[in-house]
Amino acid sequence: MRDRTPIPCPECDREKYFEGLCYACTNRKVRESYESMSDGQIQTTVQNIIQNIETIGKWEQVYKDFTGLLAYRDINTREIADAAFRNKIYNPATLYRDASPELQDELIALINDPYCAHAGDILSCLSVIGNDNVQSAFYQLEKNPLPWRKNLYVDPSFYAEQAGWTFGADGTRIQLNYDSCYSLIKESREDNAVLVARARAEECAICSCQTIDILSLDGRDQRLSFLGLPGQLNIPICPNCASMCDRTIVRYQLDGESTFEVVEPYTNEKYISDADLTSLVNSKMVLSQTEKPAYFSCGNDDVSTIGGNPDWIQDWQYEDCPDCQKKMKLLAALQWDQLIEASEGTLYIEICTDCSVIVTIHQQT
Ligand SMILES: [Zn+2]
Ligand SMILES: [Zn+2]
Ligand SMILES: [Zn+2]
């Protein structure tokens, strides 16, 4: 018989069946190592990325360094983009975030070639650049498709969504995420700007699980002023149904009053235990004191965020507002395993401030 005695992680006590740190603590330490790099170390690492750019597709050191420095140090990618382009490397598209105007023009010239061979990749790279020039090029290409469009499944406006923007039928820009990003972290500090998973009195009408306010945001806190929501915003959900349904629709007022409905539940069975619920409502997460880089979610560590660019587990998914049908904006992304041990997936929270409506969607591998 194999010994199945669990071994607690020396840092966080989480039980697992291998020696050493758990995955969560390993990933956190990697993030902290990038966060503590000196400017000199960052420069050296960026030069190493440039010199070895052809290895980035192997997902090894160069890939880790690039995503780590982008996520945790917000590096300027201009020189890296030049090196990637010289080597015809287009993945990850974020390599091109700070591409020079000259390189941007070269990419636009490539996509204007009727038989562009890497149209999907180049649309992705241009999406991440995402300025007015890219937007007008995309709009023209959407109105007057070139032959390469037949080989793609979706239009340029859909590619743009992966970088947090798109445009309407008249070409007007629609922003799908916030530039500012804060994270939610476990810290024992009094901070009421964001309360995570606060218990509510009522039970879910479908599965009779206790409901929670997954987030209670005080939009008057200076850190959250970028949201433009000057009041108390509560986001009630059923923690059991949230991952067992198509989506949850929340209607809110800025005085803290909110209602929710679960859309198309797959089951009315309750999978969440009382111990899970206790862990959930005692998660003690607070808003970070300082702003984080816009791509903070996209490094190796599982982090929960308010604003910023999300890390989608499946394809990017910006919902249409159930009331006005306009595209919704990503407000927050929460990692379930930070709230309930050994749980999976991410809860994405999207908002239409015109209609005071929120939709939550769940993705997992
Ligand atoms: Zn651990
Ligand atoms: Zn429920
Ligand atoms: Zn709306």
# chains A, B, ... in the order shown; residues from 1 in each chain; ligands from 1
>>> closest_atom_pairs(of="chain A", to="ligand 1", cutoff="6 Å", atoms="only C-alpha atoms and all ligand atoms", output="Markdown table")
| residue | atom | partner | partner_atom_place_in_ligand_line | distance |
| --- | --- | --- | --- | --- |
| A:Cys9 | CA | ligand 1 | 1 (Zn) | 4.7 |
| A:Glu11 | CA | ligand 1 | 1 (Zn) | 5.0 |
| A:Cys12 | CA | ligand 1 | 1 (Zn) | 4.1 |
| A:Arg14 | CA | ligand 1 | 1 (Zn) | 5.5 |
| A:Leu21 | CA | ligand 1 | 1 (Zn) | 5.4 |
| A:Cys22 | CA | ligand 1 | 1 (Zn) | 4.3 |
| A:Ala24 | CA | ligand 1 | 1 (Zn) | 5.7 |
| A:Cys25 | CA | ligand 1 | 1 (Zn) | 4.3 |
>>> residues_around(residues="Ser356 in chain A", least_positions_apart="3", cutoff="10 Å", atoms="only C-alpha atoms", output="PyMOL selection string")
chain A and resi 229+233+250-254+258+321+323+351-353
>>> residues_around(residues="Tyr115 in chain A", least_positions_apart="2", cutoff="10 Å", atoms="only C-alpha atoms", output="ChimeraX atom specification")
/A:110-113,117-119,146-149
>>> write_last_selection(atoms="N, CA and C atoms", output="mmCIF file, in the first residue's frame")
data_model
loop_
_atom_site.group_PDB
_atom_site.id
_atom_site.type_symbol
_atom_site.label_atom_id
_atom_site.label_comp_id
_atom_site.auth_asym_id
_atom_site.auth_seq_id
_atom_site.Cartn_x
_atom_site.Cartn_y
_atom_site.Cartn_z
ATOM 1 N N LEU A 110 0.832 44.388 -42.834
ATOM 2 C CA LEU A 110 0.691 42.933 -43.012
ATOM 3 C C LEU A 110 -0.782 42.519 -43.031
ATOM 4 N N ILE A 111 -1.570 43.103 -42.138
ATOM 5 C CA ILE A 111 -2.978 42.687 -42.049
ATOM 6 C C ILE A 111 -3.781 43.248 -43.225
ATOM 7 N N ASN A 112 -3.265 44.280 -43.872
ATOM 8 C CA ASN A 112 -3.937 44.804 -45.063
ATOM 9 C C ASN A 112 -3.581 44.044 -46.334
ATOM 10 N N ASP A 113 -2.699 43.046 -46.192
ATOM 11 C CA ASP A 113 -2.391 42.158 -47.315
ATOM 12 C C ASP A 113 -3.571 41.185 -47.478
ATOM 13 N N ALA A 117 -0.831 35.690 -44.083
ATOM 14 C CA ALA A 117 -0.746 34.286 -43.670
ATOM 15 C C ALA A 117 -1.027 34.084 -42.179
ATOM 16 N N HIS A 118 -0.771 35.100 -41.365
ATOM 17 C CA HIS A 118 -0.946 34.944 -39.908
ATOM 18 C C HIS A 118 -2.006 35.918 -39.405
ATOM 19 N N ALA A 119 -3.118 36.013 -40.120
ATOM 20 C CA ALA A 119 -4.096 37.070 -39.813
ATOM 21 C C ALA A 119 -4.571 37.018 -38.361
ATOM 22 N N LEU A 146 -11.146 41.244 -46.178
ATOM 23 C CA LEU A 146 -10.183 40.759 -47.170
ATOM 24 C C LEU A 146 -10.289 39.228 -47.243
ATOM 25 N N PRO A 147 -9.702 38.632 -48.270
ATOM 26 C CA PRO A 147 -9.828 37.162 -48.417
ATOM 27 C C PRO A 147 -9.421 36.362 -47.177
ATOM 28 N N TRP A 148 -8.411 36.833 -46.378
ATOM 29 C CA TRP A 148 -8.005 36.054 -45.186
ATOM 30 C C TRP A 148 -9.136 35.871 -44.187
ATOM 31 N N ARG A 149 -10.161 36.753 -44.228
ATOM 32 C CA ARG A 149 -11.253 36.669 -43.253
ATOM 33 C C ARG A 149 -11.967 35.314 -43.313
#
>>> residues_near_ligand(ligand="ligand 2", cutoff="6 Å", atoms="only C-alpha atoms and all ligand atoms", output="list in words")
Cys204, Ile206, Cys207, Ser208, Cys209, Cys238, Asn240 and Cys241 of chain A
>>> write_last_selection(atoms="all heavy atoms", output="PDB file, in the first residue's frame")
ATOM      1  N   CYS A 204     -30.783  30.550  -0.776  1.00  0.00           N
ATOM      2  CA  CYS A 204     -31.044  30.509  -2.215  1.00  0.00           C
ATOM      3  C   CYS A 204     -32.372  29.802  -2.480  1.00  0.00           C
ATOM      4  O   CYS A 204     -32.642  28.736  -1.907  1.00  0.00           O
ATOM      5  CB  CYS A 204     -29.910  29.769  -2.907  1.00  0.00           C
ATOM      6  SG  CYS A 204     -30.222  29.454  -4.656  1.00  0.00           S
ATOM      7  N   ILE A 206     -33.253  28.286  -5.092  1.00  0.00           N
ATOM      8  CA  ILE A 206     -33.088  27.076  -5.914  1.00  0.00           C
ATOM      9  C   ILE A 206     -32.502  25.917  -5.111  1.00  0.00           C
ATOM     10  O   ILE A 206     -33.018  24.809  -5.133  1.00  0.00           O
ATOM     11  CB  ILE A 206     -32.209  27.389  -7.138  1.00  0.00           C
ATOM     12  CG1 ILE A 206     -32.950  28.368  -8.048  1.00  0.00           C
ATOM     13  CG2 ILE A 206     -31.827  26.118  -7.907  1.00  0.00           C
ATOM     14  CD1 ILE A 206     -32.084  29.043  -9.059  1.00  0.00           C
ATOM     15  N   CYS A 207     -31.417  26.175  -4.385  1.00  0.00           N
ATOM     16  CA  CYS A 207     -30.696  25.061  -3.744  1.00  0.00           C
ATOM     17  C   CYS A 207     -30.678  25.168  -2.221  1.00  0.00           C
ATOM     18  O   CYS A 207     -30.080  24.317  -1.563  1.00  0.00           O
ATOM     19  CB  CYS A 207     -29.276  24.999  -4.275  1.00  0.00           C
ATOM     20  SG  CYS A 207     -28.250  26.350  -3.708  1.00  0.00           S
ATOM     21  N   SER A 208     -31.268  26.210  -1.685  1.00  0.00           N
ATOM     22  CA  SER A 208     -31.346  26.511  -0.245  1.00  0.00           C
ATOM     23  C   SER A 208     -29.969  26.662   0.439  1.00  0.00           C
ATOM     24  O   SER A 208     -29.858  26.573   1.657  1.00  0.00           O
ATOM     25  CB  SER A 208     -32.255  25.539   0.508  1.00  0.00           C
ATOM     26  OG  SER A 208     -31.731  24.241   0.469  1.00  0.00           O
ATOM     27  N   CYS A 209     -28.959  26.931  -0.320  1.00  0.00           N
ATOM     28  CA  CYS A 209     -27.647  27.277   0.248  1.00  0.00           C
ATOM     29  C   CYS A 209     -27.738  28.700   0.841  1.00  0.00           C
ATOM     30  O   CYS A 209     -28.534  29.516   0.383  1.00  0.00           O
ATOM     31  CB  CYS A 209     -26.602  27.254  -0.871  1.00  0.00           C
ATOM     32  SG  CYS A 209     -24.929  27.670  -0.363  1.00  0.00           S
ATOM     33  N   CYS A 238     -25.607  33.188  -5.044  1.00  0.00           N
ATOM     34  CA  CYS A 238     -25.604  31.914  -4.330  1.00  0.00           C
ATOM     35  C   CYS A 238     -24.260  31.258  -4.636  1.00  0.00           C
ATOM     36  O   CYS A 238     -23.961  30.987  -5.801  1.00  0.00           O
ATOM     37  CB  CYS A 238     -26.741  31.017  -4.811  1.00  0.00           C
ATOM     38  SG  CYS A 238     -26.525  29.324  -4.237  1.00  0.00           S
ATOM     39  N   ASN A 240     -23.234  28.328  -4.276  1.00  0.00           N
ATOM     40  CA  ASN A 240     -23.401  27.003  -4.863  1.00  0.00           C
ATOM     41  C   ASN A 240     -23.848  27.119  -6.314  1.00  0.00           C
ATOM     42  O   ASN A 240     -23.240  26.532  -7.215  1.00  0.00           O
ATOM     43  CB  ASN A 240     -24.419  26.204  -4.049  1.00  0.00           C
ATOM     44  CG  ASN A 240     -24.543  24.775  -4.528  1.00  0.00           C
ATOM     45  OD1 ASN A 240     -23.564  24.039  -4.530  1.00  0.00           O
ATOM     46  ND2 ASN A 240     -25.735  24.395  -4.958  1.00  0.00           N
ATOM     47  N   CYS A 241     -24.873  27.922  -6.563  1.00  0.00           N
ATOM     48  CA  CYS A 241     -25.418  28.034  -7.924  1.00  0.00           C
ATOM     49  C   CYS A 241     -24.467  28.802  -8.862  1.00  0.00           C
ATOM     50  O   CYS A 241     -24.502  28.579 -10.075  1.00  0.00           O
ATOM     51  CB  CYS A 241     -26.773  28.736  -7.908  1.00  0.00           C
ATOM     52  SG  CYS A 241     -28.093  27.733  -7.196  1.00  0.00           S
TER      53      CYS A 241
END
>>> atom_distance(atom1="CA of Asn177 in chain A", atom2="CA of Leu95 in chain A")
19.4 Å
>>> closest_residue(among="A:Asp315, A:Asp354, A:Asp191, A:Asp276", to="Ala342 in chain A", atoms="only C-alpha atoms")
A:Asp276
>>> residues_around(residues="range 151-160 of chain A", least_positions_apart="2", cutoff="6 Å", atoms="only C-alpha atoms", output="list of chain:residue names")
A:Ser124, A:Ser127, A:Phe138, A:Trp148, A:Arg149, A:Gln162, A:Ala163, A:Trp165, A:Thr166
>>> closest_atom_pairs(of="range 320-352 of chain A", to="range 181-188 of chain A", cutoff="10 Å", atoms="only C-alpha atoms", output="Markdown table")
| residue | atom | partner | partner_atom | distance |
| --- | --- | --- | --- | --- |
| A:Leu331 | CA | A:Cys181 | CA | 9.7 |
| A:Ala332 | CA | A:Cys181 | CA | 9.2 |
| A:Ala333 | CA | A:Ser183 | CA | 9.5 |
| A:Leu334 | CA | A:Leu184 | CA | 8.5 |
| A:Gln335 | CA | A:Leu184 | CA | 10.0 |
| A:Gln338 | CA | A:Lys186 | CA | 8.7 |
| A:Leu339 | CA | A:Lys186 | CA | 10.0 |
>>> write_last_selection(atoms="C-alpha atoms", output="PDB file, in the first residue's frame")
ATOM      1  CA  LEU A 331     -15.348  44.713 -12.869  1.00  0.00           C
ATOM      2  CA  ALA A 332     -13.610  41.869 -11.014  1.00  0.00           C
ATOM      3  CA  ALA A 333     -12.250  38.336 -11.323  1.00  0.00           C
ATOM      4  CA  LEU A 334     -12.137  36.100  -8.244  1.00  0.00           C
ATOM      5  CA  GLN A 335     -10.253  32.830  -7.823  1.00  0.00           C
ATOM      6  CA  GLN A 338      -8.641  31.608  -2.529  1.00  0.00           C
ATOM      7  CA  LEU A 339     -12.098  31.420  -0.956  1.00  0.00           C
TER       8      LEU A 339
END
>>> residues_around(residues="Gly308 in chain A", least_positions_apart="2", cutoff="8 Å", atoms="only C-alpha atoms", output="CSV table (one decimal) with all heavy atoms, in the first residue's frame")
chain,number,residue,atom,x,y,z
A,177,ASN,N,-12.7,46.9,-20.2
A,177,ASN,CA,-12.1,46.7,-18.9
A,177,ASN,C,-11.6,48.1,-18.4
A,177,ASN,O,-11.5,49.0,-19.2
A,177,ASN,CB,-11.1,45.6,-18.8
A,177,ASN,CG,-10.0,45.7,-19.9
A,177,ASN,OD1,-9.7,46.8,-20.3
A,177,ASN,ND2,-9.4,44.6,-20.3
A,178,TYR,N,-11.2,48.1,-17.1
A,178,TYR,CA,-10.7,49.3,-16.5
A,178,TYR,C,-9.2,49.2,-16.6
A,178,TYR,O,-8.5,48.2,-16.4
A,178,TYR,CB,-11.1,49.4,-15.1
A,178,TYR,CG,-12.6,49.5,-14.9
A,178,TYR,CD1,-13.4,48.4,-14.7
A,178,TYR,CD2,-13.2,50.8,-14.9
A,178,TYR,CE1,-14.8,48.5,-14.5
A,178,TYR,CE2,-14.6,50.9,-14.7
A,178,TYR,CZ,-15.3,49.8,-14.5
A,178,TYR,OH,-16.7,49.9,-14.3
A,179,ASP,N,-8.5,50.4,-16.9
A,179,ASP,CA,-7.1,50.5,-16.9
A,179,ASP,C,-6.5,50.2,-15.5
A,179,ASP,O,-5.4,49.6,-15.4
A,179,ASP,CB,-6.6,51.9,-17.4
A,179,ASP,CG,-7.0,52.1,-18.8
A,179,ASP,OD1,-7.1,51.2,-19.6
A,179,ASP,OD2,-7.1,53.3,-19.2
A,180,SER,N,-7.2,50.7,-14.5
A,180,SER,CA,-6.6,50.6,-13.1
A,180,SER,C,-6.9,49.1,-12.6
A,180,SER,O,-7.9,48.5,-13.0
A,180,SER,CB,-7.3,51.5,-12.2
A,180,SER,OG,-7.0,52.8,-12.5
A,181,CYS,N,-6.0,48.7,-11.8
A,181,CYS,CA,-6.1,47.3,-11.2
A,181,CYS,C,-5.7,47.3,-9.8
A,181,CYS,O,-4.6,47.8,-9.5
A,181,CYS,CB,-5.3,46.3,-12.1
A,181,CYS,SG,-5.4,44.6,-11.5
A,182,TYR,N,-6.5,46.7,-8.9
A,182,TYR,CA,-6.1,46.4,-7.5
A,182,TYR,C,-6.3,45.0,-7.3
A,182,TYR,O,-7.1,44.3,-8.0
A,182,TYR,CB,-7.0,47.2,-6.6
A,182,TYR,CG,-6.6,48.7,-6.5
A,182,TYR,CD1,-7.0,49.6,-7.5
A,182,TYR,CD2,-5.8,49.2,-5.5
A,182,TYR,CE1,-6.6,50.9,-7.4
A,182,TYR,CE2,-5.4,50.5,-5.4
A,182,TYR,CZ,-5.8,51.4,-6.4
A,182,TYR,OH,-5.4,52.7,-6.3
A,293,PRO,N,-0.1,46.4,-11.6
A,293,PRO,CA,-0.1,46.6,-13.1
A,293,PRO,C,-1.3,46.0,-13.8
A,293,PRO,O,-2.0,45.2,-13.2
A,293,PRO,CB,1.1,45.7,-13.5
A,293,PRO,CG,2.0,45.7,-12.3
A,293,PRO,CD,1.0,45.7,-11.1
A,294,ALA,N,-1.7,46.6,-14.9
A,294,ALA,CA,-2.9,46.2,-15.6
A,294,ALA,C,-3.0,44.7,-15.9
A,294,ALA,O,-4.1,44.1,-16.0
A,294,ALA,CB,-3.1,47.0,-16.9
A,295,TYR,N,-1.8,44.0,-16.1
A,295,TYR,CA,-1.8,42.6,-16.5
A,295,TYR,C,-1.5,41.7,-15.2
A,295,TYR,O,-1.1,40.6,-15.4
A,295,TYR,CB,-0.8,42.3,-17.6
A,295,TYR,CG,-1.4,42.7,-19.0
A,295,TYR,CD1,-1.1,43.9,-19.5
A,295,TYR,CD2,-2.2,41.8,-19.7
A,295,TYR,CE1,-1.6,44.3,-20.8
A,295,TYR,CE2,-2.7,42.2,-20.9
A,295,TYR,CZ,-2.4,43.4,-21.5
A,295,TYR,OH,-2.9,43.7,-22.7
A,296,PHE,N,-1.8,42.3,-14.1
A,296,PHE,CA,-1.5,41.5,-12.8
A,296,PHE,C,-2.1,40.1,-12.8
A,296,PHE,O,-1.5,39.2,-12.2
A,296,PHE,CB,-2.0,42.4,-11.6
A,296,PHE,CG,-1.5,41.9,-10.3
A,296,PHE,CD1,-0.2,42.0,-10.0
A,296,PHE,CD2,-2.4,41.4,-9.4
A,296,PHE,CE1,0.3,41.6,-8.7
A,296,PHE,CE2,-1.9,41.0,-8.1
A,296,PHE,CZ,-0.6,41.1,-7.8
A,297,SER,N,-3.2,39.9,-13.4
A,297,SER,CA,-3.9,38.6,-13.4
A,297,SER,C,-3.1,37.6,-14.3
A,297,SER,O,-3.4,36.4,-14.2
A,297,SER,CB,-5.3,38.7,-13.9
A,297,SER,OG,-6.1,39.3,-13.0
A,305,THR,N,-8.8,40.1,-8.6
A,305,THR,CA,-8.5,41.5,-8.9
A,305,THR,C,-9.8,42.3,-9.1
A,305,THR,O,-10.9,41.7,-9.4
A,305,THR,CB,-7.8,41.6,-10.3
A,305,THR,OG1,-8.4,40.7,-11.2
A,305,THR,CG2,-6.3,41.3,-10.1
A,306,ILE,N,-9.7,43.6,-8.9
A,306,ILE,CA,-10.8,44.5,-9.2
A,306,ILE,C,-10.2,45.4,-10.4
A,306,ILE,O,-9.1,45.9,-10.2
A,306,ILE,CB,-11.1,45.5,-8.0
A,306,ILE,CG1,-11.4,44.7,-6.7
A,306,ILE,CG2,-12.2,46.4,-8.4
A,306,ILE,CD1,-12.7,44.2,-6.6
A,310,PRO,N,-8.3,40.7,-17.3
A,310,PRO,CA,-8.4,39.4,-16.7
A,310,PRO,C,-7.6,38.3,-17.4
A,310,PRO,O,-7.2,38.5,-18.6
A,310,PRO,CB,-9.9,39.1,-17.0
A,310,PRO,CG,-10.2,39.8,-18.2
A,310,PRO,CD,-9.4,41.1,-18.2
>>> closest_residue(among="A:Cys298, A:Lys150, A:Asp320, A:Gln61", to="Pro92 in chain A", atoms="only C-alpha atoms")
A:Cys298
>>> atom_distance(atom1="CA of Ser279 in chain A", atom2="CA of Glu32 in chain A")
25.4 Å
>>> closest_residue(among="A:Leu280, A:Ile108, A:Val357, A:Cys116", to="Ser136 in chain A", atoms="only C-alpha atoms")
A:Ile108
>>> closest_residue(among="A:Leu141, A:Val134, A:Val194, A:Cys245", to="Ala99 in chain A", atoms="only C-alpha atoms")
A:Val134
>>> residues_around(residues="Leu277 in chain A", least_positions_apart="4", cutoff="10 Å", atoms="only C-alpha atoms", output="JSON, numbers by chain")
{"A": [197, 199, 209, 210, 211, 212, 239, 240, 272, 273, 281, 282, 283, 339, 340]}
>>> write_last_selection(atoms="C-alpha atoms", output="mmCIF file, in the first residue's frame")
data_model
loop_
_atom_site.group_PDB
_atom_site.id
_atom_site.type_symbol
_atom_site.label_atom_id
_atom_site.label_comp_id
_atom_site.auth_asym_id
_atom_site.auth_seq_id
_atom_site.Cartn_x
_atom_site.Cartn_y
_atom_site.Cartn_z
ATOM 1 C CA ALA A 197 -17.985 36.854 0.674
ATOM 2 C CA ALA A 199 -22.898 36.209 4.683
ATOM 3 C CA CYS A 209 -27.647 27.277 0.248
ATOM 4 C CA GLN A 210 -26.864 30.344 2.333
ATOM 5 C CA THR A 211 -26.352 33.359 0.030
ATOM 6 C CA ILE A 212 -23.446 35.803 0.246
ATOM 7 C CA PRO A 239 -22.081 30.442 -3.922
ATOM 8 C CA ASN A 240 -23.401 27.003 -4.863
ATOM 9 C CA ILE A 272 -21.032 23.170 -1.019
ATOM 10 C CA SER A 273 -20.510 21.896 2.551
ATOM 11 C CA VAL A 281 -17.302 33.809 4.827
ATOM 12 C CA ASN A 282 -14.053 33.908 6.819
ATOM 13 C CA SER A 283 -11.742 34.386 3.840
ATOM 14 C CA LEU A 339 -12.098 31.420 -0.956
ATOM 15 C CA ILE A 340 -12.773 27.687 -0.632
#
>>> select_by_dssp(residues="range 10-216 of chain A", states="strand (DSSP E)", output="PyMOL selection string")
chain A and resi 15-16+165-167+173-175+181-186+194-203+210-216
>>> closest_residue(among="A:Cys324, A:Ala81, A:Ile349, A:Ala242", to="ligand 3", atoms="only C-alpha atoms and all ligand atoms")
A:Cys324
>>> closest_residue(among="A:Ala109, A:Ile7, A:Ile249, A:Leu217", to="Asn133 in chain A", atoms="only C-alpha atoms")
A:Ala109
>>> residues_around(residues="Ser216 in chain A", least_positions_apart="5", cutoff="9 Å", atoms="only C-alpha atoms", output="ChimeraX atom specification")
/A:192-198,232-236,256
>>> atom_distance(atom1="CA of Gln135 in chain A", atom2="CA of Asn91 in chain A")
20.5 Å
>>> decode(residues="range 239-250 of chain A", atoms="N, CA and C atoms", output="mmCIF file, in the first residue's frame")
data_model
loop_
_atom_site.group_PDB
_atom_site.id
_atom_site.type_symbol
_atom_site.label_atom_id
_atom_site.label_comp_id
_atom_site.auth_asym_id
_atom_site.auth_seq_id
_atom_site.Cartn_x
_atom_site.Cartn_y
_atom_site.Cartn_z
ATOM 1 N N PRO A 239 -23.417 30.992 -3.631
ATOM 2 C CA PRO A 239 -22.081 30.442 -3.922
ATOM 3 C C PRO A 239 -22.144 29.051 -4.534
ATOM 4 N N ASN A 240 -23.234 28.328 -4.276
ATOM 5 C CA ASN A 240 -23.401 27.003 -4.863
ATOM 6 C C ASN A 240 -23.848 27.119 -6.314
ATOM 7 N N CYS A 241 -24.873 27.922 -6.563
ATOM 8 C CA CYS A 241 -25.418 28.034 -7.924
ATOM 9 C C CYS A 241 -24.467 28.802 -8.862
ATOM 10 N N ALA A 242 -23.628 29.702 -8.311
ATOM 11 C CA ALA A 242 -22.802 30.567 -9.172
ATOM 12 C C ALA A 242 -21.969 29.785 -10.176
ATOM 13 N N SER A 243 -21.520 28.581 -9.786
ATOM 14 C CA SER A 243 -20.731 27.783 -10.725
ATOM 15 C C SER A 243 -21.558 26.675 -11.368
ATOM 16 N N MET A 244 -22.843 26.626 -11.032
ATOM 17 C CA MET A 244 -23.731 25.570 -11.551
ATOM 18 C C MET A 244 -24.828 26.176 -12.408
ATOM 19 N N CYS A 245 -24.575 27.333 -12.981
ATOM 20 C CA CYS A 245 -25.615 27.958 -13.790
ATOM 21 C C CYS A 245 -24.940 28.690 -14.943
ATOM 22 N N ASP A 246 -25.764 29.099 -15.886
ATOM 23 C CA ASP A 246 -25.259 29.846 -17.014
ATOM 24 C C ASP A 246 -24.679 31.179 -16.549
ATOM 25 N N ARG A 247 -25.463 31.941 -15.778
ATOM 26 C CA ARG A 247 -24.962 33.172 -15.170
ATOM 27 C C ARG A 247 -25.906 33.649 -14.077
ATOM 28 N N THR A 248 -25.399 34.542 -13.254
ATOM 29 C CA THR A 248 -26.222 35.197 -12.231
ATOM 30 C C THR A 248 -26.364 36.657 -12.635
ATOM 31 N N ILE A 249 -27.612 37.175 -12.593
ATOM 32 C CA ILE A 249 -27.845 38.578 -12.917
ATOM 33 C C ILE A 249 -28.175 39.319 -11.616
ATOM 34 N N VAL A 250 -27.433 40.388 -11.362
ATOM 35 C CA VAL A 250 -27.622 41.186 -10.139
ATOM 36 C C VAL A 250 -28.097 42.574 -10.551
#
